[in-house]
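Okay, run14.cif now, which holds mmCIF, C-alpha atoms:
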```cif
data_input
loop_
_atom_site.group_PDB
_atom_site.id
_atom_site.type_symbol
_atom_site.label_atom_id
_atom_site.label_comp_id
_atom_site.auth_asym_id
_atom_site.auth_seq_id
_atom_site.Cartn_x
_atom_site.Cartn_y
_atom_site.Cartn_z
ATOM 1 C CA MET K 281 67.315 4.527 140.827
ATOM 2 C CA GLY K 282 70.181 6.962 140.281
ATOM 3 C CA THR K 283 73.028 8.950 141.784
ATOM 4 C CA VAL K 284 73.095 12.631 142.752
ATOM 5 C CA LYS K 285 76.401 14.226 143.803
ATOM 6 C CA GLY K 286 77.836 10.845 144.733
ATOM 7 C CA VAL K 287 74.786 9.784 146.752
ATOM 8 C CA ASP K 288 72.930 6.664 145.605
ATOM 9 C CA LEU K 289 69.147 7.150 145.529
ATOM 10 C CA ALA K 290 66.927 4.065 145.651
ATOM 11 C CA VAL K 291 63.311 3.021 146.141
ATOM 12 C CA ASN K 292 62.799 -0.316 147.855
ATOM 13 C CA PRO K 293 60.828 -2.850 145.762
ATOM 14 C CA VAL K 294 58.285 -3.190 148.582
ATOM 15 C CA VAL K 295 57.344 0.480 148.094
ATOM 16 C CA VAL K 296 56.776 -0.168 144.393
ATOM 17 C CA LEU K 297 54.646 -3.221 145.217
ATOM 18 C CA LEU K 298 52.531 -1.260 147.694
ATOM 19 C CA CYS K 299 52.042 1.478 145.105
ATOM 20 C CA LEU K 300 50.821 -1.087 142.572
ATOM 21 C CA ILE K 301 48.423 -2.544 145.146
ATOM 22 C CA CYS K 302 47.055 0.925 145.922
ATOM 23 C CA LEU K 303 46.573 1.687 142.230
ATOM 24 C CA SER K 304 44.857 -1.648 141.575
ATOM 25 C CA THR K 305 42.412 -1.070 144.431
ATOM 26 C CA GLY K 306 41.626 2.431 143.244
ATOM 27 C CA THR K 307 43.418 4.188 146.091
ATOM 28 C CA ALA K 308 44.154 7.667 144.776
ATOM 29 C CA GLU K 309 46.221 8.773 147.779
ATOM 30 C CA ILE K 310 49.387 7.099 146.531
ATOM 31 C CA LEU K 311 50.944 10.429 145.499
ATOM 32 C CA TRP K 312 50.381 11.792 149.003
ATOM 33 C CA ILE K 313 52.059 8.686 150.440
ATOM 34 C CA ILE K 314 55.127 9.123 148.236
ATOM 35 C CA LEU K 315 55.347 12.824 149.096
ATOM 36 C CA ALA K 316 55.125 12.040 152.811
ATOM 37 C CA LEU K 317 57.895 9.443 152.521
ATOM 38 C CA VAL K 318 60.113 11.892 150.630
ATOM 39 C CA LEU K 319 59.568 14.625 153.244
ATOM 40 C CA HIS K 320 60.303 12.155 156.029
ATOM 41 C CA GLU K 321 63.565 11.146 154.427
ATOM 42 C CA ALA K 322 64.437 14.764 153.652
ATOM 43 C CA GLY K 323 64.402 15.373 157.402
ATOM 44 C CA HIS K 324 67.037 12.676 157.877
ATOM 45 C CA VAL K 325 69.158 14.021 155.034
ATOM 46 C CA LEU K 326 69.088 17.601 156.339
ATOM 47 C CA ALA K 327 69.991 16.457 159.851
ATOM 48 C CA ALA K 328 72.843 14.318 158.527
ATOM 49 C CA CYS K 329 74.212 17.239 156.515
ATOM 50 C CA ALA K 330 73.861 19.565 159.515
ATOM 51 C CA CYS K 331 75.910 17.097 161.571
ATOM 52 C CA GLY K 332 78.602 17.041 158.900
ATOM 53 C CA LEU K 333 77.970 13.424 157.910
ATOM 54 C CA LYS K 334 78.923 12.248 154.427
ATOM 55 C CA LEU K 335 75.933 10.626 152.721
ATOM 56 C CA LEU K 336 76.482 7.456 150.704
ATOM 57 C CA ARG K 337 72.964 6.147 150.045
ATOM 58 C CA VAL K 338 69.323 7.149 150.562
ATOM 59 C CA GLU K 339 66.593 4.513 150.182
ATOM 60 C CA LEU K 340 62.816 4.844 150.558
ATOM 61 C CA PHE K 341 61.059 2.154 152.603
ATOM 62 C CA PRO K 342 57.312 1.640 153.196
ATOM 63 C CA PHE K 343 57.613 3.197 156.662
ATOM 64 C CA GLY K 344 60.073 5.975 155.839
ATOM 65 C CA GLY K 345 63.543 5.289 154.597
ATOM 66 C CA GLN K 346 67.157 4.705 155.464
ATOM 67 C CA ILE K 347 70.292 6.743 155.011
ATOM 68 C CA LEU K 348 73.753 5.244 154.857
ATOM 69 C CA THR K 349 76.598 7.495 155.901
ATOM 70 C CA GLU K 350 80.340 7.134 156.088
ATOM 71 C CA ASP K 351 80.598 8.430 159.646
ATOM 72 C CA LEU K 352 77.497 7.135 161.460
ATOM 73 C CA VAL K 353 79.115 4.166 163.222
ATOM 74 C CA GLY K 354 77.765 4.524 166.770
ATOM 75 C CA LEU K 355 80.559 6.570 168.354
ATOM 76 C CA ASN K 356 78.526 9.752 168.859
ATOM 77 C CA TRP K 357 75.219 8.640 170.372
ATOM 78 C CA LYS K 358 73.817 12.177 170.602
ATOM 79 C CA ARG K 359 74.435 12.739 166.892
ATOM 80 C CA ASP K 360 72.865 9.358 166.119
ATOM 81 C CA ILE K 361 69.729 10.306 168.054
ATOM 82 C CA LEU K 362 69.524 13.666 166.289
ATOM 83 C CA ALA K 363 69.812 12.068 162.842
ATOM 84 C CA ALA K 364 67.225 9.402 163.703
ATOM 85 C CA SER K 365 64.758 11.876 165.244
ATOM 86 C CA ALA K 366 64.767 14.216 162.254
ATOM 87 C CA GLY K 367 62.584 11.956 160.067
ATOM 88 C CA PRO K 368 59.677 11.614 162.526
ATOM 89 C CA ALA K 369 60.024 15.312 163.366
ATOM 90 C CA ALA K 370 59.650 16.207 159.670
ATOM 91 C CA SER K 371 56.560 13.991 159.364
ATOM 92 C CA LEU K 372 54.920 15.411 162.490
ATOM 93 C CA PHE K 373 55.753 18.960 161.387
ATOM 94 C CA SER K 374 54.217 18.289 157.957
ATOM 95 C CA SER K 375 51.102 16.910 159.629
ATOM 96 C CA GLY K 376 50.781 19.916 161.932
ATOM 97 C CA LEU K 377 51.412 22.411 159.140
ATOM 98 C CA THR K 378 48.814 20.729 156.927
ATOM 99 C CA TYR K 379 46.287 20.842 159.770
ATOM 100 C CA ILE K 380 46.883 24.572 160.306
ATOM 101 C CA MET K 381 46.626 25.308 156.585
ATOM 102 C CA GLU K 382 43.446 23.267 156.313
ATOM 103 C CA ARG K 383 41.863 25.113 159.226
ATOM 104 C CA ASN K 384 42.902 28.641 158.252
ATOM 105 C CA LEU K 385 43.032 28.556 154.454
ATOM 106 C CA SER K 386 39.925 26.438 153.925
ATOM 107 C CA LEU K 387 41.893 23.842 151.965
ATOM 108 C CA VAL K 388 40.176 20.587 151.045
ATOM 109 C CA ASP K 389 41.328 17.037 150.318
ATOM 110 C CA PHE K 390 44.386 17.363 152.548
ATOM 111 C CA SER K 391 43.056 15.225 155.399
ATOM 112 C CA PHE K 392 44.703 12.018 154.188
ATOM 113 C CA PHE K 393 48.103 13.712 153.839
ATOM 114 C CA MET K 394 47.805 15.118 157.359
ATOM 115 C CA GLU K 395 46.735 11.792 158.873
ATOM 116 C CA PHE K 396 49.345 9.741 157.007
ATOM 117 C CA ASN K 397 52.164 12.059 158.117
ATOM 118 C CA LEU K 398 50.933 11.807 161.696
ATOM 119 C CA LEU K 399 50.823 8.013 161.478
ATOM 120 C CA LEU K 400 54.223 7.872 159.753
ATOM 121 C CA GLY K 401 55.843 10.060 162.398
ATOM 122 C CA LEU K 402 54.359 8.200 165.371
ATOM 123 C CA PHE K 403 54.961 4.744 163.873
ATOM 124 C CA ASN K 404 58.635 5.537 163.282
ATOM 125 C CA LEU K 405 59.045 6.520 166.923
ATOM 126 C CA LEU K 406 58.273 2.967 168.056
ATOM 127 C CA PRO K 407 61.410 1.592 169.782
ATOM 128 C CA ALA K 408 62.165 -1.170 167.296
ATOM 129 C CA LEU K 409 64.808 -1.553 164.598
ATOM 130 C CA PRO K 410 64.952 -0.653 161.763
ATOM 131 C CA LEU K 411 62.522 2.156 162.664
ATOM 132 C CA ASP K 412 63.874 5.526 163.777
ATOM 133 C CA GLY K 413 62.662 4.862 167.308
ATOM 134 C CA GLY K 414 64.721 1.688 167.282
ATOM 135 C CA ARG K 415 67.812 3.664 166.283
ATOM 136 C CA ILE K 416 67.122 6.114 169.107
ATOM 137 C CA LEU K 417 66.764 3.174 171.518
ATOM 138 C CA LYS K 418 69.965 1.616 170.182
ATOM 139 C CA ALA K 419 71.949 4.850 170.569
ATOM 140 C CA PHE K 420 70.653 5.409 174.110
ATOM 141 C CA CYS K 421 71.216 1.804 175.221
ATOM 142 C CA SER K 422 74.736 1.803 173.755
ATOM 143 C CA THR K 423 75.771 4.239 176.502
ATOM 144 C CA ARG K 424 74.643 1.689 179.110
ATOM 145 C CA VAL K 425 75.297 -1.778 177.701
ATOM 146 C CA GLY K 426 77.543 -1.194 174.683
ATOM 147 C CA LEU K 427 76.781 -1.053 170.972
ATOM 148 C CA ARG K 428 76.564 -4.804 170.353
ATOM 149 C CA LYS K 429 74.003 -5.566 173.057
ATOM 150 C CA ALA K 430 72.062 -2.398 172.203
ATOM 151 C CA THR K 431 71.733 -3.621 168.605
ATOM 152 C CA VAL K 432 70.474 -7.008 169.813
ATOM 153 C CA ILE K 433 67.831 -5.301 171.969
ATOM 154 C CA GLY K 434 66.654 -3.109 169.090
ATOM 155 C CA SER K 435 66.599 -6.011 166.636
ATOM 156 C CA TRP K 436 64.501 -8.266 168.852
ATOM 157 C CA SER K 437 62.110 -5.367 169.484
ATOM 158 C CA GLY K 438 61.709 -5.058 165.712
ATOM 159 C CA GLN K 439 60.935 -8.743 165.311
ATOM 160 C CA VAL K 440 58.318 -8.611 168.077
ATOM 161 C CA LEU K 441 56.704 -5.591 166.408
ATOM 162 C CA ALA K 442 56.682 -7.462 163.085
ATOM 163 C CA LEU K 443 54.790 -10.351 164.697
ATOM 164 C CA ILE K 444 52.243 -7.942 166.190
ATOM 165 C CA LEU K 445 51.682 -6.251 162.821
ATOM 166 C CA PHE K 446 51.366 -9.622 161.099
ATOM 167 C CA ALA K 447 48.709 -10.747 163.572
ATOM 168 C CA ALA K 448 46.886 -7.420 163.214
ATOM 169 C CA GLY K 449 46.975 -7.724 159.428
ATOM 170 C CA LEU K 450 45.426 -11.193 159.544
ATOM 171 C CA PHE K 451 42.726 -10.154 161.994
ATOM 172 C CA LEU K 452 41.780 -6.833 160.372
ATOM 173 C CA GLY K 453 42.267 -7.941 156.773
ATOM 174 C CA PHE K 454 39.019 -9.880 156.691
ATOM 175 C CA GLN K 455 37.164 -6.756 157.799
ATOM 176 C CA ASP K 456 39.004 -4.355 155.503
ATOM 177 C CA PRO K 457 41.129 -5.816 152.659
ATOM 178 C CA ARG K 458 43.447 -2.810 152.810
ATOM 179 C CA ALA K 459 44.670 -4.064 156.194
ATOM 180 C CA PHE K 460 46.356 -6.962 154.401
ATOM 181 C CA ASN K 461 49.052 -4.402 153.513
ATOM 182 C CA LEU K 462 50.166 -4.843 157.127
ATOM 183 C CA LEU K 463 51.284 -8.368 156.253
ATOM 184 C CA LEU K 464 53.685 -6.999 153.659
ATOM 185 C CA ILE K 465 54.974 -4.322 156.018
ATOM 186 C CA ALA K 466 55.321 -6.871 158.845
ATOM 187 C CA GLY K 467 57.317 -9.224 156.640
ATOM 188 C CA PHE K 468 59.610 -6.441 155.488
ATOM 189 C CA LEU K 469 60.041 -5.097 159.028
ATOM 190 C CA GLY K 470 60.890 -8.546 160.370
ATOM 191 C CA TYR K 471 63.375 -9.121 157.554
ATOM 192 C CA LYS K 472 65.165 -5.809 158.165
ATOM 193 C CA ALA K 473 65.203 -6.377 161.939
ATOM 194 C CA ARG K 474 66.771 -9.789 161.380
ATOM 195 C CA GLU K 475 69.267 -8.206 158.987
ATOM 196 C CA GLU K 476 70.352 -5.789 161.732
ATOM 197 C CA LEU K 477 71.132 -8.826 163.892
ATOM 198 C CA GLN K 478 73.107 -10.534 161.141
ATOM 199 C CA MET K 479 75.100 -7.364 160.429
ATOM 200 C CA ILE K 480 76.356 -7.060 164.013
ATOM 201 C CA PRO K 481 79.829 -8.562 163.319
ATOM 202 C CA TYR K 482 80.440 -6.168 160.408
ATOM 203 C CA ALA K 483 78.979 -3.133 162.212
ATOM 204 C CA PHE K 484 80.907 -3.906 165.401
ATOM 205 C CA THR K 485 84.199 -4.267 163.529
ATOM 206 C CA ARG K 486 83.568 -0.938 161.794
ATOM 207 C CA TYR K 487 82.777 0.590 165.185
ATOM 208 C CA LEU K 488 86.058 -0.687 166.637
ATOM 209 C CA LEU K 489 88.075 0.574 163.655
ATOM 210 C CA HIS K 490 86.792 4.093 164.282
ATOM 211 C CA LYS K 491 86.919 3.900 168.071
ATOM 212 C CA ARG K 492 90.601 2.983 168.223
ATOM 213 C CA LEU K 493 91.386 6.419 166.752
ATOM 214 C CA LEU K 494 89.626 8.351 169.536
ATOM 215 C CA PRO K 495 92.590 8.596 171.940
ATOM 216 C CA ALA K 496 94.776 10.013 169.147
ATOM 217 C CA GLU K 497 92.117 12.532 168.089
ATOM 218 C CA ASN K 498 91.424 13.906 171.583
ATOM 219 C CA ASP K 499 93.760 15.413 174.166
ATOM 220 C CA MET K 500 91.432 14.219 176.930
ATOM 221 C CA ALA K 501 88.475 11.850 177.165
ATOM 222 C CA ASP K 502 86.238 10.389 179.844
ATOM 223 C CA GLY K 503 87.386 6.969 180.946
ATOM 224 C CA ILE K 504 86.045 3.840 182.597
ATOM 225 C CA LEU K 505 88.194 1.541 184.727
ATOM 226 C CA THR K 506 87.257 -2.116 184.297
ATOM 227 C CA VAL K 507 88.648 -4.909 186.456
ATOM 228 C CA ALA K 508 89.040 -8.245 184.671
ATOM 229 C CA HIS K 509 90.625 -11.589 185.485
ATOM 230 C CA SER K 510 93.583 -12.442 183.275
ATOM 231 C CA GLY K 511 91.640 -15.351 181.763
ATOM 232 C CA VAL K 512 88.787 -13.206 180.406
ATOM 233 C CA ALA K 513 88.530 -13.117 176.591
ATOM 234 C CA ILE K 514 89.148 -9.726 174.981
ATOM 235 C CA SER K 515 85.920 -10.035 172.953
ATOM 236 C CA ARG K 516 83.917 -10.202 176.186
ATOM 237 C CA ILE K 517 85.465 -6.960 177.387
ATOM 238 C CA LEU K 518 85.102 -5.136 174.071
ATOM 239 C CA HIS K 519 81.416 -6.045 173.816
ATOM 240 C CA ARG K 520 80.908 -3.911 176.945
ATOM 241 C CA ILE K 521 82.820 -0.784 175.930
ATOM 242 C CA LEU K 522 80.788 2.395 175.661
ATOM 243 C CA PRO K 523 80.887 4.804 172.696
ATOM 244 C CA ASP K 524 81.647 7.989 174.608
ATOM 245 C CA ASN K 525 84.289 6.636 177.001
ATOM 246 C CA ILE K 526 87.759 5.129 176.829
ATOM 247 C CA THR K 527 88.041 1.845 178.723
ATOM 248 C CA VAL K 528 91.153 0.943 180.708
ATOM 249 C CA VAL K 529 91.374 -2.625 182.012
ATOM 250 C CA LEU K 530 92.981 -3.448 185.342
ATOM 251 C CA VAL K 531 94.084 -7.077 185.002
ATOM 252 C CA ILE K 532 94.109 -9.258 188.127
ATOM 253 C CA ASP K 533 95.245 -12.807 188.842
ATOM 254 C CA GLY K 534 93.456 -15.589 190.745
ATOM 255 C CA GLN K 535 94.332 -13.992 194.099
ATOM 256 C CA GLY K 536 92.900 -10.625 193.098
ATOM 257 C CA LYS K 537 96.356 -9.119 192.721
ATOM 258 C CA VAL K 538 96.844 -6.481 190.027
ATOM 259 C CA ILE K 539 99.260 -7.824 187.428
ATOM 260 C CA GLY K 540 98.939 -5.241 184.683
ATOM 261 C CA ILE K 541 96.978 -2.614 182.781
ATOM 262 C CA VAL K 542 95.648 -2.876 179.237
ATOM 263 C CA THR K 543 94.286 0.096 177.320
ATOM 264 C CA GLU K 544 91.268 0.025 175.052
ATOM 265 C CA ARG K 545 93.376 0.579 171.961
ATOM 266 C CA VAL K 546 95.537 -2.457 172.741
ATOM 267 C CA LEU K 547 92.364 -4.528 173.161
ATOM 268 C CA ILE K 548 90.967 -3.334 169.837
ATOM 269 C CA GLU K 549 94.224 -3.957 167.975
ATOM 270 C CA ALA K 550 94.315 -7.482 169.395
ATOM 271 C CA MET K 551 90.673 -8.088 168.468
ATOM 272 C CA LEU K 552 91.341 -7.030 164.879
ATOM 273 C CA THR K 553 94.554 -8.999 164.409
ATOM 274 C CA ARG K 554 94.272 -11.985 166.739
ATOM 275 C CA ASP K 555 91.753 -14.570 167.910
ATOM 276 C CA PRO K 556 88.768 -12.914 169.683
ATOM 277 C CA LEU K 557 89.141 -15.580 172.391
ATOM 278 C CA THR K 558 92.623 -14.297 173.223
ATOM 279 C CA THR K 559 92.696 -13.590 176.952
ATOM 280 C CA VAL K 560 93.481 -10.185 178.343
ATOM 281 C CA GLY K 561 96.308 -11.783 180.323
ATOM 282 C CA GLU K 562 98.054 -12.792 177.104
ATOM 283 C CA LEU K 563 98.260 -9.142 176.096
ATOM 284 C CA LEU K 564 100.468 -8.465 179.113
ATOM 285 C CA GLU K 565 103.239 -10.810 177.963
ATOM 286 C CA PRO K 566 105.035 -8.422 175.587
ATOM 287 C CA THR K 567 104.667 -5.512 178.006
ATOM 288 C CA VAL K 568 106.051 -4.744 181.436
ATOM 289 C CA ARG K 569 103.833 -6.115 184.193
ATOM 290 C CA CYS K 570 103.098 -4.112 187.324
ATOM 291 C CA GLU K 571 105.041 -6.517 189.540
ATOM 292 C CA ASP K 572 108.059 -6.347 187.199
ATOM 293 C CA ARG K 573 107.943 -2.567 187.273
ATOM 294 C CA ARG K 574 108.144 -2.556 191.099
ATOM 295 C CA LYS K 575 111.287 -4.683 190.968
#
```
Written as structure tokens, that's how I'd like the structure from this file.
Amino acid sequence: MGTVKGVDLAVNPVVVLLCLICLSTGTAEILWIILALVLHEAGHVLAACACGLKLLRVELFPFGGQILTEDLVGLNWKRDILAASAGPAASLFSSGLTYIMERNLSLVDFSFFMEFNLLLGLFNLLPALPLDGGRILKAFCSTRVGLRKATVIGSWSGQVLALILFAAGLFLGFQDPRAFNLLLIAGFLGYKAREELQMIPYAFTRYLLHKRLLPAENDMADGILTVAHSGVAISRILHRILPDNITVVLVIDGQGKVIGIVTERVLIEAMLTRDPLTTVGELLEPTVRCEDRRK
């Protein structure tokens, strides 16, 4: 669509298709829909700027939009939740403001705009990727089960929601042809949810690249001590690391004896340069083991 101050602006083809369908069926509310989508996305953009994130791309989707930033990689889960919540908050605020103006200023023909903003805000809060609620769920779950598993949870939630919308579109479409739009939205939602799943390797690598810098950027950080057998693969350990903590691995042998310590940064460096199936015990070979140190 274009570029403004280095930020790519785009409208997804599905939005264009829905607009054409609305125009062909004589639905005059299409301008209100576009305005609501723009306001929703403006909420995300303002929140991202307030958090100091560098915007790379803004794209309008049928159910809101998506922003791509240089810094939003899953390390700061509170910031991720704030950025994701801003869109639904903007939609709900627009709906409430329109309702107040309609009631107190005797405005007419604003009911659709109010109702669509309300629906847009509530729909985006559903805990399913790629919706904003799914990103909130992903950020929250990442503090419990790690970023990779949190993404899997959010993605599968999105695919289940897509199936529900598809079934609803088929059932309601024969009663009201406009409900067939749900089929298009369901297909797009399922596709994007599946895309989130397929992008896990890339997103996780990007996450690790940024996370390995945390110890150098902070004088102190919260830590988690993990005990792992020397034969455990480093990928298995890294899939469990949490965004707001530094993991230190206590390596034990078959008798439960501590044979060494491996830091998170060493694990990440090994993951990026060696085979992911490399065992944590192999990382102890070039370093001094605990038992050697006692000698």
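For K:Tyr379, the list of residues within 10 Å, based on all atoms listed in the file and with local chain neighbours fewer than 5 positions off taken out, reads Phe373, Ser374, Asn384, Leu385, Leu387, Phe390, Ser391, Phe393, Met394 and Glu395 of chain K.
Considering the residues K:Lys491, K:His320, K:Arg359, K:Arg337 and counting all atoms listed in the file, K:Leu522 has its shortest atom-to-atom contact with K:Lys491.
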(request) List the residues matched by the PyMOL selection byres ((chain K and resi 325) around 9) in the displayed structure as a ChimeraX atom specification, ordered by chain and then by residue number. (result) /K:321-324,326-330,335,338,347,363,366-367
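Distances here use all atoms listed in the file; by that measure, the residue among K:Ile539, K:Leu494, K:Val529, K:Ile514 closest to K:Pro556 is K:Ile514.
On the file presented, the PyMOL selection byres ((chain K and resi 535-538) around 10) picks out Val507, Ala508, His509, Ser510, Leu530, Val531, Ile532, Asp533, Gly534, Ile539, Gly540, Ile541, Arg569, Cys570 and Glu571 of chain K.
In this structure, atom CA of K:Ala290 sits 23.5 Å away from atom CA of K:Ile416.
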(message) Please compute the atom CA of K:Met479-atom CA of K:Thr527 distance, one decimal, in Å.
(response) 24.2 Å
May I have the centre and edge lengths, in Å to one decimal, of an axis-aligned box around the listed atoms of stretch 314-318 of chain K with 4 Å added to every side, as JSON?
```
{"center_x": 57.6, "center_y": 11.0, "center_z": 150.5, "size_x": 13.0, "size_y": 11.7, "size_z": 12.6}
```
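Interatomic distance, atom CA of K:Ala369 against atom CA of K:Asn397: 10.0 Å.
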(message) Just checking: using only C-alpha atoms, which residue out of K:Gly376, K:Pro457, K:Pro368, K:Gly414 ends up closest to K:Thr431?
(response) K:Gly414
(request) Run through the PyMOL selection byres ((chain K and resi 545-551) around 10) on the given coordinates and return the selected residues as a PyMOL selection string. (result) chain K and resi 485+488-489+491-496+513-515+517-518+526-529+542-544+552-560+563
